[in-house]
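Asker: What follows is data.txt, made up of compact mmCIF, C-alpha atoms (C1' of nucleotides):
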# COMPACT_ATOMS: atom_id res chain seq x y z
CA MET F 1 108.68 -17.37 108.93
CA ASN F 2 107.73 -17.19 112.58
CA LYS F 3 108.76 -14.20 114.66
CA LYS F 4 111.99 -15.71 115.90
CA VAL F 5 113.20 -16.73 112.46
CA LYS F 6 112.14 -13.41 111.04
CA ALA F 7 114.06 -11.53 113.73
CA LYS F 8 117.13 -13.61 112.98
CA TYR F 9 117.12 -12.82 109.28
CA GLN F 10 116.20 -9.21 109.97
CA ALA F 11 119.30 -8.81 112.12
CA ARG F 12 121.51 -10.38 109.47
CA ALA F 13 119.92 -8.35 106.69
CA ASN F 14 120.62 -5.16 108.62
CA ILE F 15 124.32 -5.88 108.55
CA ILE F 16 124.30 -6.74 104.88
CA LYS F 17 122.20 -3.66 104.13
CA ALA F 18 124.89 -1.51 105.71
CA LEU F 19 127.26 -2.76 103.01
CA ALA F 20 124.75 -2.53 100.18
CA HIS F 21 125.95 0.83 98.93
CA PRO F 22 128.85 1.54 96.59
CA THR F 23 130.38 4.24 98.78
CA ARG F 24 130.17 2.15 101.94
CA LEU F 25 131.58 -0.86 100.14
CA PHE F 26 134.44 1.27 98.89
CA ILE F 27 135.08 2.61 102.38
CA ALA F 28 135.00 -0.87 103.92
CA ASN F 29 137.49 -1.99 101.32
CA LYS F 30 139.83 0.89 102.16
CA LEU F 31 139.50 0.32 105.88
CA ALA F 32 140.46 -3.31 105.40
CA GLU F 33 143.90 -2.01 104.51
CA LYS F 34 144.32 0.42 107.41
CA ALA F 35 142.50 3.02 109.49
CA PHE F 36 141.60 6.33 107.87
CA CYS F 37 140.16 9.57 109.22
CA VAL F 38 136.94 11.03 107.86
CA CYS F 39 138.77 13.76 105.96
CA GLU F 40 140.96 11.26 104.13
CA LEU F 41 138.03 9.07 103.23
CA THR F 42 136.12 12.12 102.07
CA LYS F 43 138.90 12.97 99.63
CA MET F 44 138.96 9.41 98.31
CA VAL F 45 135.21 9.18 97.92
CA GLY F 46 134.71 12.67 96.53
CA ASP F 47 131.31 13.31 98.11
CA ASP F 48 130.35 15.93 100.67
CA ILE F 49 131.94 15.27 104.04
CA THR F 50 128.54 15.14 105.70
CA THR F 51 127.51 12.39 103.31
CA VAL F 52 130.65 10.40 104.07
CA SER F 53 130.16 10.92 107.80
CA LYS F 54 126.65 9.51 107.57
CA HIS F 55 127.83 6.51 105.61
CA LEU F 56 130.41 5.86 108.32
CA SER F 57 127.68 6.17 110.90
CA VAL F 58 125.70 3.48 109.12
CA LEU F 59 128.70 1.16 109.13
CA LYS F 60 129.36 1.92 112.79
CA ASN F 61 125.79 1.25 113.85
CA ALA F 62 125.94 -2.08 112.06
CA GLY F 63 129.01 -2.99 114.08
CA ILE F 64 131.20 -3.23 111.00
CA VAL F 65 133.60 -0.42 111.84
CA ALA F 66 134.81 1.24 115.03
CA VAL F 67 136.32 4.64 115.76
CA GLU F 68 139.33 6.00 117.54
CA LYS F 69 139.67 9.72 118.16
CA LYS F 70 142.99 11.46 117.70
CA GLY F 71 142.72 15.13 118.46
CA THR F 72 140.10 16.63 116.23
CA GLN F 73 140.28 13.73 113.86
CA VAL F 74 138.26 10.53 114.00
CA PHE F 75 139.86 7.41 112.62
CA TYR F 76 137.69 4.53 111.48
CA HIS F 77 138.85 0.96 111.19
CA LEU F 78 137.29 -2.30 110.10
CA LYS F 79 136.08 -4.40 112.99
CA VAL F 80 134.97 -7.57 111.22
CA PRO F 81 137.50 -8.75 108.63
CA CYS F 82 135.21 -11.37 107.09
CA ILE F 83 133.41 -8.46 105.46
CA MET F 84 135.87 -8.57 102.61
CA GLY F 85 134.49 -11.93 101.60
CA PHE F 86 131.43 -10.02 100.44
CA LEU F 87 133.48 -8.30 97.79
CA SER F 88 135.07 -11.44 96.41
CA CYS F 89 131.71 -13.19 96.34
CA ALA F 90 130.09 -10.25 94.57
CA GLU F 91 132.89 -10.41 92.06
CA GLU F 92 132.35 -14.10 91.56
CA THR F 93 128.67 -13.49 90.97
CA ILE F 94 129.42 -10.86 88.35
CA LYS F 95 131.84 -13.18 86.59
CA SER F 96 129.31 -15.96 86.66
CA ALA F 97 126.74 -13.71 85.00
CA LEU F 98 129.18 -12.50 82.37
CA LYS F 99 130.27 -16.04 81.60
CA GLU F 100 126.66 -16.98 80.99
CA GLN F 101 126.14 -14.04 78.68
CA ASN F 102 129.20 -15.01 76.67
CA GLN F 103 127.88 -18.51 76.21
CA LEU F 104 124.96 -17.07 74.30
CA PHE F 105 127.38 -16.19 71.50
CA ASN F 106 129.05 -19.60 71.25
CA MET B 1 136.21 7.64 93.23
CA ASN B 2 136.57 8.06 89.50
CA LYS B 3 133.91 6.73 87.16
CA LYS B 4 135.53 3.36 86.65
CA VAL B 5 136.01 2.68 90.35
CA LYS B 6 132.52 3.91 91.10
CA ALA B 7 131.03 1.59 88.48
CA LYS B 8 132.95 -1.30 89.98
CA TYR B 9 131.63 -0.74 93.46
CA GLN B 10 128.16 0.03 92.13
CA ALA B 11 128.04 -3.37 90.44
CA ARG B 12 129.17 -5.14 93.59
CA ALA B 13 126.78 -3.17 95.76
CA ASN B 14 123.89 -4.17 93.50
CA ILE B 15 124.54 -7.82 94.24
CA ILE B 16 124.84 -7.23 97.96
CA LYS B 17 121.72 -5.08 97.91
CA ALA B 18 119.80 -7.98 96.46
CA LEU B 19 120.58 -9.91 99.63
CA ALA B 20 119.97 -7.02 101.99
CA HIS B 21 116.43 -8.04 102.87
CA PRO B 22 115.34 -10.57 105.48
CA THR B 23 113.00 -12.43 103.15
CA ARG B 24 115.53 -12.66 100.35
CA LEU B 25 118.21 -13.77 102.78
CA PHE B 26 115.87 -16.44 104.11
CA ILE B 27 115.08 -17.59 100.59
CA ALA B 28 118.75 -17.72 99.60
CA ASN B 29 119.40 -19.79 102.67
CA LYS B 30 116.66 -22.23 101.76
CA LEU B 31 117.80 -22.48 98.16
CA ALA B 32 121.31 -23.32 99.33
CA GLU B 33 119.83 -26.60 100.53
CA LYS B 34 117.85 -27.47 97.38
CA ALA B 35 115.63 -25.99 94.69
CA PHE B 36 112.12 -24.90 95.63
CA CYS B 37 109.14 -23.70 93.62
CA VAL B 38 107.55 -20.32 94.24
CA CYS B 39 104.54 -21.86 95.95
CA GLU B 40 106.70 -23.74 98.45
CA LEU B 41 108.79 -20.67 99.20
CA THR B 42 105.61 -18.65 99.60
CA LYS B 43 104.38 -21.05 102.28
CA MET B 44 107.67 -20.88 104.12
CA VAL B 45 107.90 -17.12 103.96
CA GLY B 46 104.26 -16.43 104.74
CA ASP B 47 103.89 -13.31 102.59
CA ASP B 48 101.73 -12.76 99.54
CA ILE B 49 102.86 -14.83 96.56
CA THR B 50 103.30 -11.71 94.46
CA THR B 51 105.65 -10.32 97.06
CA VAL B 52 107.69 -13.52 97.09
CA SER B 53 107.74 -13.60 93.31
CA LYS B 54 109.13 -10.09 93.21
CA HIS B 55 111.80 -10.94 95.76
CA LEU B 56 112.81 -13.89 93.60
CA SER B 57 112.93 -11.57 90.62
CA VAL B 58 115.35 -9.33 92.47
CA LEU B 59 117.60 -12.29 93.26
CA LYS B 60 117.39 -13.48 89.67
CA ASN B 61 118.29 -10.11 88.19
CA ALA B 62 121.30 -9.96 90.49
CA GLY B 63 122.44 -13.31 89.11
CA ILE B 64 122.19 -15.00 92.47
CA VAL B 65 119.50 -17.52 91.59
CA ALA B 66 118.33 -19.20 88.39
CA VAL B 67 115.06 -20.83 87.38
CA GLU B 68 113.91 -24.09 85.88
CA LYS B 69 110.33 -24.54 84.77
CA LYS B 70 108.49 -27.78 85.45
CA GLY B 71 104.97 -27.66 84.12
CA THR B 72 103.20 -24.73 85.68
CA GLN B 73 105.70 -24.54 88.47
CA VAL B 74 108.92 -22.55 88.50
CA PHE B 75 111.79 -23.88 90.57
CA TYR B 76 114.49 -21.55 91.80
CA HIS B 77 117.97 -22.64 92.78
CA LEU B 78 121.05 -20.90 94.11
CA LYS B 79 123.58 -20.13 91.42
CA VAL B 80 126.45 -18.72 93.46
CA PRO B 81 127.19 -20.82 96.55
CA CYS B 82 129.60 -18.31 98.08
CA ILE B 83 126.53 -16.27 98.95
CA MET B 84 126.16 -18.29 102.11
CA GLY B 85 129.36 -16.74 103.41
CA PHE B 86 127.36 -13.56 103.81
CA LEU B 87 125.21 -15.21 106.43
CA SER B 88 128.07 -16.54 108.48
CA CYS B 89 129.85 -13.21 108.34
CA ALA B 90 126.73 -11.37 109.40
CA GLU B 91 126.45 -13.79 112.28
CA GLU B 92 130.04 -13.15 113.24
CA THR B 93 129.40 -9.41 113.20
CA ILE B 94 126.42 -9.82 115.48
CA LYS B 95 128.42 -11.96 117.89
CA SER B 96 131.22 -9.41 117.87
CA ALA B 97 128.78 -6.67 118.81
CA LEU B 98 127.20 -8.75 121.57
CA LYS B 99 130.60 -9.67 122.95
CA GLU B 100 131.47 -6.00 123.19
CA GLN B 101 128.26 -5.19 124.99
CA ASN B 102 128.91 -7.92 127.52
CA GLN B 103 132.34 -6.53 128.26
CA LEU B 104 130.69 -3.37 129.52
CA PHE B 105 129.44 -5.36 132.51
CA ASN B 106 132.76 -6.94 133.44
C1' DT H 1 138.46 33.38 125.34
C1' DG H 2 138.30 33.29 120.36
C1' DG H 3 139.38 31.32 116.21
C1' DC H 4 140.40 27.21 113.57
C1' DT H 5 139.79 22.51 111.80
C1' DA H 6 137.34 18.13 111.94
C1' DT H 7 133.20 15.93 112.47
C1' DT H 8 128.39 15.19 113.45
C1' DT H 9 123.49 16.31 113.45
C1' DG H 10 118.95 18.29 111.83
C1' DG H 11 116.26 19.13 108.13
C1' DC H 12 114.58 18.75 103.65
C1' DA H 13 113.69 17.30 98.69
C1' DT H 14 114.44 13.53 95.72
C1' DT H 15 114.49 8.91 94.70
C1' DA H 16 114.12 3.96 95.64
C1' DT H 17 112.01 0.03 97.98
C1' DA H 18 108.19 -2.97 100.02
C1' DG H 19 104.03 -5.21 99.84
C1' DC H 20 99.44 -5.68 98.60
C1' DC H 21 95.50 -5.98 95.07
C1' DA H 22 93.87 -6.66 90.49
C1' DA H 23 94.82 -8.27 86.19
C1' DA H 24 97.63 -10.69 82.77
C1' DT H 25 100.24 -14.73 81.32
C1' DA H 26 101.65 -19.65 81.06
C1' DT H 27 100.85 -24.42 81.24
C1' DA H 28 98.33 -28.66 82.09
C1' DC H 29 94.19 -31.34 81.62
C1' DG H 30 89.30 -32.45 81.02
C1' DC U 1 88.15 -24.90 73.79
C1' DG U 2 87.28 -23.87 78.78
C1' DT U 3 88.87 -24.35 83.38
C1' DA U 4 92.14 -24.68 87.05
C1' DT U 5 96.68 -23.88 89.03
C1' DA U 6 101.10 -21.41 89.20
C1' DT U 7 103.46 -17.38 88.41
C1' DT U 8 104.38 -12.75 86.86
C1' DT U 9 103.37 -7.92 85.96
C1' DG U 10 101.19 -3.22 86.53
C1' DG U 11 99.87 -0.03 89.61
C1' DC U 12 99.37 2.12 93.83
C1' DT U 13 100.47 3.80 98.63
C1' DA U 14 103.45 3.83 102.53
C1' DT U 15 107.93 3.78 104.14
C1' DA U 16 112.92 4.18 103.97
C1' DA U 17 117.36 5.72 101.96
C1' DT U 18 120.30 9.28 99.78
C1' DG U 19 122.84 13.48 99.59
C1' DC U 20 123.17 18.14 100.11
C1' DC U 21 122.98 22.59 103.00
C1' DA U 22 123.00 24.94 107.31
C1' DA U 23 123.96 24.68 111.91
C1' DA U 24 125.80 22.47 116.07
C1' DT U 25 129.52 20.16 118.51
C1' DA U 26 134.33 18.81 119.79
C1' DG U 27 139.09 19.48 120.43
C1' DC U 28 143.38 22.13 119.54
C1' DC U 29 146.19 26.30 119.88
C1' DA U 30 147.39 31.30 120.04
Write the structure described by the file as structure tokens, please.
Answerer:
Amino acid sequence: MNKKVKAKYQARANIIKALAHPTRLFIANKLAEKAFCVCELTKMVGDDITTVSKHLSVLKNAGIVAVEKKGTQVFYHLKVPCIMGFLSCAEETIKSALKEQNQLFN
Amino acid sequence: MNKKVKAKYQARANIIKALAHPTRLFIANKLAEKAFCVCELTKMVGDDITTVSKHLSVLKNAGIVAVEKKGTQVFYHLKVPCIMGFLSCAEETIKSALKEQNQLFN
DNA sequence: TGGCTATTTGGCATTATAGCCAAATATACG
DNA sequence: CGTATATTTGGCTATAATGCCAAATAGCCA
């Protein structure tokens, strides 16, 4: 990999890395439905609000979500809808692995 | 997130995490074309062969690639083709971010 | 202003990941 | 069997990610 190619895959990996966490994947999935404020997402996730805020920051820096302020609240929404394809592909991968495991018993 | 939901997103995140590395993304991209042995991939990547082998191990454990031995060589191939959607989506995200930056100058 | 709620940031301990070297394993072939 | 090639594994250090607490910031309202 020369520098140019490496930079290309580094940039793409950074975006994927932003989604490579259960909480962030969950959040992205929720935001695909509609915008939510940090407090609502915090309730759904069940972690400390500072943890959720940092996860949102990771998604924002990756360009996956964007914010809109409303008073004291900050609403996040999904910016790139194709993100949800990640979930369905991950699911397909899991099913593929399970299918293979089942074949061992046939 | 209750335990069941958390486990679900954890499993999906594990698959995405396996792709969240420039070298592994590069390898997955190559394997989408055709199967390659470790030595060939090592040349293309340019890292130590043990490093490449471990990256392949990560992809294998995630169920993304599978192996076929031929003599002393081990050929890896992509098992789940939808993986390539990750790349195009990442690209779209990057373009979306660049587009936004350009608008700042208009 | 002062208090209130929502959110972000700094800092820190814990844990996970990356990449190299050395050594082990597997397979072919003389 | 002994050697050569291909690959994997163990181990180690350096670096990054995670998640909480405490503190700072931002915007509303009395």
Asker: So that I can see what lies close to region 18-30 of chain H, please list as a ChimeraX atom specification the residues with an atom at most 12 Å from it, counting only C-alpha atoms (C1' of nucleotides) and leaving out residues fewer than 6 positions away in the same chain.
Answerer: /B:21-23,47-55,69-74 /U:1-16
Asker: Where does chain F end up after superposition onto chain B over all in-order Cα pairs? Give it as a PDB file with C-alpha atoms, in the frame of the given file.
Answerer:
ATOM      1  CA  MET F   1     136.204   7.682  93.247  1.00  0.00           C
ATOM      2  CA  ASN F   2     136.576   8.082  89.511  1.00  0.00           C
ATOM      3  CA  LYS F   3     133.909   6.736  87.187  1.00  0.00           C
ATOM      4  CA  LYS F   4     135.537   3.369  86.672  1.00  0.00           C
ATOM      5  CA  VAL F   5     136.023   2.687  90.364  1.00  0.00           C
ATOM      6  CA  LYS F   6     132.546   3.921  91.108  1.00  0.00           C
ATOM      7  CA  ALA F   7     131.053   1.612  88.482  1.00  0.00           C
ATOM      8  CA  LYS F   8     132.955  -1.299  89.973  1.00  0.00           C
ATOM      9  CA  TYR F   9     131.630  -0.749  93.474  1.00  0.00           C
ATOM     10  CA  GLN F  10     128.175   0.034  92.132  1.00  0.00           C
ATOM     11  CA  ALA F  11     128.049  -3.352  90.426  1.00  0.00           C
ATOM     12  CA  ARG F  12     129.180  -5.136  93.574  1.00  0.00           C
ATOM     13  CA  ALA F  13     126.787  -3.168  95.760  1.00  0.00           C
ATOM     14  CA  ASN F  14     123.905  -4.167  93.505  1.00  0.00           C
ATOM     15  CA  ILE F  15     124.552  -7.811  94.223  1.00  0.00           C
ATOM     16  CA  ILE F  16     124.864  -7.244  97.937  1.00  0.00           C
ATOM     17  CA  LYS F  17     121.739  -5.078  97.908  1.00  0.00           C
ATOM     18  CA  ALA F  18     119.805  -7.987  96.441  1.00  0.00           C
ATOM     19  CA  LEU F  19     120.609  -9.924  99.614  1.00  0.00           C
ATOM     20  CA  ALA F  20     120.004  -7.026 101.979  1.00  0.00           C
ATOM     21  CA  HIS F  21     116.479  -8.052 102.883  1.00  0.00           C
ATOM     22  CA  PRO F  22     115.390 -10.580 105.493  1.00  0.00           C
ATOM     23  CA  THR F  23     113.019 -12.435 103.178  1.00  0.00           C
ATOM     24  CA  ARG F  24     115.553 -12.679 100.364  1.00  0.00           C
ATOM     25  CA  LEU F  25     118.245 -13.787 102.776  1.00  0.00           C
ATOM     26  CA  PHE F  26     115.912 -16.446 104.104  1.00  0.00           C
ATOM     27  CA  ILE F  27     115.089 -17.603 100.587  1.00  0.00           C
ATOM     28  CA  ALA F  28     118.759 -17.727  99.582  1.00  0.00           C
ATOM     29  CA  ASN F  29     119.448 -19.798 102.656  1.00  0.00           C
ATOM     30  CA  LYS F  30     116.688 -22.256 101.754  1.00  0.00           C
ATOM     31  CA  LEU F  31     117.802 -22.475  98.151  1.00  0.00           C
ATOM     32  CA  ALA F  32     121.308 -23.328  99.296  1.00  0.00           C
ATOM     33  CA  GLU F  33     119.840 -26.608 100.480  1.00  0.00           C
ATOM     34  CA  LYS F  34     117.856 -27.468  97.347  1.00  0.00           C
ATOM     35  CA  ALA F  35     115.617 -25.993  94.662  1.00  0.00           C
ATOM     36  CA  PHE F  36     112.119 -24.887  95.627  1.00  0.00           C
ATOM     37  CA  CYS F  37     109.134 -23.685  93.617  1.00  0.00           C
ATOM     38  CA  VAL F  38     107.538 -20.310  94.259  1.00  0.00           C
ATOM     39  CA  CYS F  39     104.532 -21.859  95.984  1.00  0.00           C
ATOM     40  CA  GLU F  40     106.704 -23.737  98.464  1.00  0.00           C
ATOM     41  CA  LEU F  41     108.781 -20.691  99.237  1.00  0.00           C
ATOM     42  CA  THR F  42     105.622 -18.653  99.642  1.00  0.00           C
ATOM     43  CA  LYS F  43     104.382 -21.048 102.311  1.00  0.00           C
ATOM     44  CA  MET F  44     107.709 -20.888 104.136  1.00  0.00           C
ATOM     45  CA  VAL F  45     107.935 -17.120 104.000  1.00  0.00           C
ATOM     46  CA  GLY F  46     104.286 -16.445 104.772  1.00  0.00           C
ATOM     47  CA  ASP F  47     103.936 -13.320 102.633  1.00  0.00           C
ATOM     48  CA  ASP F  48     101.734 -12.766  99.602  1.00  0.00           C
ATOM     49  CA  ILE F  49     102.858 -14.831  96.637  1.00  0.00           C
ATOM     50  CA  THR F  50     103.281 -11.712  94.533  1.00  0.00           C
ATOM     51  CA  THR F  51     105.665 -10.322  97.124  1.00  0.00           C
ATOM     52  CA  VAL F  52     107.699 -13.526  97.135  1.00  0.00           C
ATOM     53  CA  SER F  53     107.739 -13.595  93.338  1.00  0.00           C
ATOM     54  CA  LYS F  54     109.152 -10.079  93.256  1.00  0.00           C
ATOM     55  CA  HIS F  55     111.814 -10.936  95.788  1.00  0.00           C
ATOM     56  CA  LEU F  56     112.816 -13.883  93.612  1.00  0.00           C
ATOM     57  CA  SER F  57     112.929 -11.566  90.642  1.00  0.00           C
ATOM     58  CA  VAL F  58     115.358  -9.326  92.489  1.00  0.00           C
ATOM     59  CA  LEU F  59     117.609 -12.278  93.262  1.00  0.00           C
ATOM     60  CA  LYS F  60     117.385 -13.476  89.667  1.00  0.00           C
ATOM     61  CA  ASN F  61     118.256 -10.097  88.204  1.00  0.00           C
ATOM     62  CA  ALA F  62     121.285  -9.958  90.468  1.00  0.00           C
ATOM     63  CA  GLY F  63     122.436 -13.286  89.077  1.00  0.00           C
ATOM     64  CA  ILE F  64     122.188 -14.996  92.447  1.00  0.00           C
ATOM     65  CA  VAL F  65     119.497 -17.513  91.563  1.00  0.00           C
ATOM     66  CA  ALA F  66     118.305 -19.192  88.376  1.00  0.00           C
ATOM     67  CA  VAL F  67     115.027 -20.817  87.383  1.00  0.00           C
ATOM     68  CA  GLU F  68     113.899 -24.066  85.884  1.00  0.00           C
ATOM     69  CA  LYS F  69     110.305 -24.520  84.779  1.00  0.00           C
ATOM     70  CA  LYS F  70     108.468 -27.748  85.460  1.00  0.00           C
ATOM     71  CA  GLY F  71     104.953 -27.619  84.136  1.00  0.00           C
ATOM     72  CA  THR F  72     103.181 -24.709  85.712  1.00  0.00           C
ATOM     73  CA  GLN F  73     105.699 -24.517  88.483  1.00  0.00           C
ATOM     74  CA  VAL F  74     108.915 -22.517  88.521  1.00  0.00           C
ATOM     75  CA  PHE F  75     111.774 -23.874  90.566  1.00  0.00           C
ATOM     76  CA  TYR F  76     114.487 -21.540  91.787  1.00  0.00           C
ATOM     77  CA  HIS F  77     117.959 -22.619  92.767  1.00  0.00           C
ATOM     78  CA  LEU F  78     121.046 -20.893  94.084  1.00  0.00           C
ATOM     79  CA  LYS F  79     123.565 -20.107  91.390  1.00  0.00           C
ATOM     80  CA  VAL F  80     126.457 -18.726  93.425  1.00  0.00           C
ATOM     81  CA  PRO F  81     127.207 -20.838  96.504  1.00  0.00           C
ATOM     82  CA  CYS F  82     129.606 -18.328  98.060  1.00  0.00           C
ATOM     83  CA  ILE F  83     126.515 -16.328  98.961  1.00  0.00           C
ATOM     84  CA  MET F  84     126.169 -18.340 102.126  1.00  0.00           C
ATOM     85  CA  GLY F  85     129.364 -16.802 103.406  1.00  0.00           C
ATOM     86  CA  PHE F  86     127.351 -13.618 103.810  1.00  0.00           C
ATOM     87  CA  LEU F  87     125.230 -15.267 106.450  1.00  0.00           C
ATOM     88  CA  SER F  88     128.109 -16.614 108.496  1.00  0.00           C
ATOM     89  CA  CYS F  89     129.880 -13.268 108.329  1.00  0.00           C
ATOM     90  CA  ALA F  90     126.736 -11.426 109.389  1.00  0.00           C
ATOM     91  CA  GLU F  91     126.484 -13.824 112.279  1.00  0.00           C
ATOM     92  CA  GLU F  92     130.069 -13.190 113.232  1.00  0.00           C
ATOM     93  CA  THR F  93     129.433  -9.468 113.179  1.00  0.00           C
ATOM     94  CA  ILE F  94     126.436  -9.841 115.464  1.00  0.00           C
ATOM     95  CA  LYS F  95     128.437 -11.959 117.883  1.00  0.00           C
ATOM     96  CA  SER F  96     131.234  -9.448 117.852  1.00  0.00           C
ATOM     97  CA  ALA F  97     128.803  -6.677 118.767  1.00  0.00           C
ATOM     98  CA  LEU F  98     127.184  -8.711 121.520  1.00  0.00           C
ATOM     99  CA  LYS F  99     130.556  -9.650 122.955  1.00  0.00           C
ATOM    100  CA  GLU F 100     131.450  -5.983 123.159  1.00  0.00           C
ATOM    101  CA  GLN F 101     128.211  -5.149 124.909  1.00  0.00           C
ATOM    102  CA  ASN F 102     128.830  -7.872 127.468  1.00  0.00           C
ATOM    103  CA  GLN F 103     132.244  -6.474 128.240  1.00  0.00           C
ATOM    104  CA  LEU F 104     130.582  -3.315 129.467  1.00  0.00           C
ATOM    105  CA  PHE F 105     129.265  -5.301 132.431  1.00  0.00           C
ATOM    106  CA  ASN F 106     132.576  -6.892 133.423  1.00  0.00           C
TER     107      ASN F 106
END
Asker: What are the closest atom pairs, with distances in Å to one decimal, for each residue of chain U lying within 9 Å of chain F, using all atoms listed in the file, rows by chain and rising residue number, as a tab-separated table?
Answerer:
residue	atom	partner	partner_atom	distance
U:DT18	C1'	F:Thr51	CA	8.6
U:DG19	C1'	F:Thr51	CA	6.1
U:DC20	C1'	F:Asp48	CA	7.5
U:DA26	C1'	F:Thr72	CA	7.1
U:DG27	C1'	F:Thr72	CA	5.2
U:DC28	C1'	F:Gly71	CA	7.1
Asker: Keeping C-alpha atoms (C1' of nucleotides) for every residue in the selection just given, could you write it to a file as an mmCIF file, keeping the file's coordinate frame?
Answerer:
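Just written: selection_17.cif:
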data_model
loop_
_atom_site.group_PDB
_atom_site.id
_atom_site.type_symbol
_atom_site.label_atom_id
_atom_site.label_comp_id
_atom_site.auth_asym_id
_atom_site.auth_seq_id
_atom_site.Cartn_x
_atom_site.Cartn_y
_atom_site.Cartn_z
ATOM 1 C "C1'" DT U 18 120.300 9.280 99.780
ATOM 2 C "C1'" DG U 19 122.840 13.480 99.590
ATOM 3 C "C1'" DC U 20 123.170 18.140 100.110
ATOM 4 C "C1'" DA U 26 134.330 18.810 119.790
ATOM 5 C "C1'" DG U 27 139.090 19.480 120.430
ATOM 6 C "C1'" DC U 28 143.380 22.130 119.540
#
Asker: Between CA of Lys6 (chain B) and CA of Phe26 (chain B), what is the spacing in Å?
Answerer: 29.3 Å
Asker: Select, from B:Leu98, B:Ala90, B:Ala20, B:Cys82, the residue with the minimum atom-to-atom distance to chain H, counting all atoms listed in the file.
Answerer: B:Ala20
Asker: Kindly output region 59-74 of chain F as an mmCIF file, in the coordinates of the input, after building N, CA and C atoms.
Answerer:
data_model
loop_
_atom_site.group_PDB
_atom_site.id
_atom_site.type_symbol
_atom_site.label_atom_id
_atom_site.label_comp_id
_atom_site.auth_asym_id
_atom_site.auth_seq_id
_atom_site.Cartn_x
_atom_site.Cartn_y
_atom_site.Cartn_z
ATOM 1 N N LEU F 59 127.792 2.301 108.941
ATOM 2 C CA LEU F 59 128.700 1.160 109.130
ATOM 3 C C LEU F 59 128.979 0.931 110.620
ATOM 4 N N LYS F 60 129.080 2.024 111.355
ATOM 5 C CA LYS F 60 129.360 1.920 112.790
ATOM 6 C C LYS F 60 128.174 1.307 113.528
ATOM 7 N N ASN F 61 126.990 1.773 113.192
ATOM 8 C CA ASN F 61 125.790 1.250 113.850
ATOM 9 C C ASN F 61 125.586 -0.236 113.559
ATOM 10 N N ALA F 62 126.069 -0.664 112.405
ATOM 11 C CA ALA F 62 125.940 -2.080 112.060
ATOM 12 C C ALA F 62 127.016 -2.915 112.748
ATOM 13 N N GLY F 63 127.960 -2.255 113.383
ATOM 14 C CA GLY F 63 129.010 -2.990 114.080
ATOM 15 C C GLY F 63 130.140 -3.420 113.165
ATOM 16 N N ILE F 64 130.201 -2.818 111.982
ATOM 17 C CA ILE F 64 131.200 -3.230 111.000
ATOM 18 C C ILE F 64 132.512 -2.473 111.187
ATOM 19 N N VAL F 65 132.398 -1.220 111.588
ATOM 20 C CA VAL F 65 133.600 -0.420 111.840
ATOM 21 C C VAL F 65 133.570 0.131 113.261
ATOM 22 N N ALA F 66 134.712 0.601 113.719
ATOM 23 C CA ALA F 66 134.810 1.240 115.030
ATOM 24 C C ALA F 66 135.677 2.470 114.891
ATOM 25 N N VAL F 67 135.603 3.365 115.866
ATOM 26 C CA VAL F 67 136.320 4.640 115.760
ATOM 27 C C VAL F 67 137.381 4.764 116.848
ATOM 28 N N GLU F 68 138.333 5.616 116.548
ATOM 29 C CA GLU F 68 139.330 6.000 117.540
ATOM 30 C C GLU F 68 139.655 7.472 117.307
ATOM 31 N N LYS F 69 139.448 8.291 118.314
ATOM 32 C CA LYS F 69 139.670 9.720 118.160
ATOM 33 C C LYS F 69 141.143 10.062 118.383
ATOM 34 N N LYS F 70 141.632 10.952 117.538
ATOM 35 C CA LYS F 70 142.990 11.460 117.700
ATOM 36 C C LYS F 70 142.942 12.961 117.488
ATOM 37 N N GLY F 71 142.878 13.688 118.574
ATOM 38 C CA GLY F 71 142.720 15.130 118.460
ATOM 39 C C GLY F 71 141.371 15.467 117.876
ATOM 40 N N THR F 72 141.381 16.281 116.858
ATOM 41 C CA THR F 72 140.100 16.630 116.230
ATOM 42 C C THR F 72 139.692 15.602 115.194
ATOM 43 N N GLN F 73 140.586 14.711 114.894
ATOM 44 C CA GLN F 73 140.280 13.730 113.860
ATOM 45 C C GLN F 73 139.680 12.453 114.434
ATOM 46 N N VAL F 74 138.872 11.804 113.621
ATOM 47 C CA VAL F 74 138.260 10.530 114.000
ATOM 48 C C VAL F 74 138.692 9.479 113.001
#
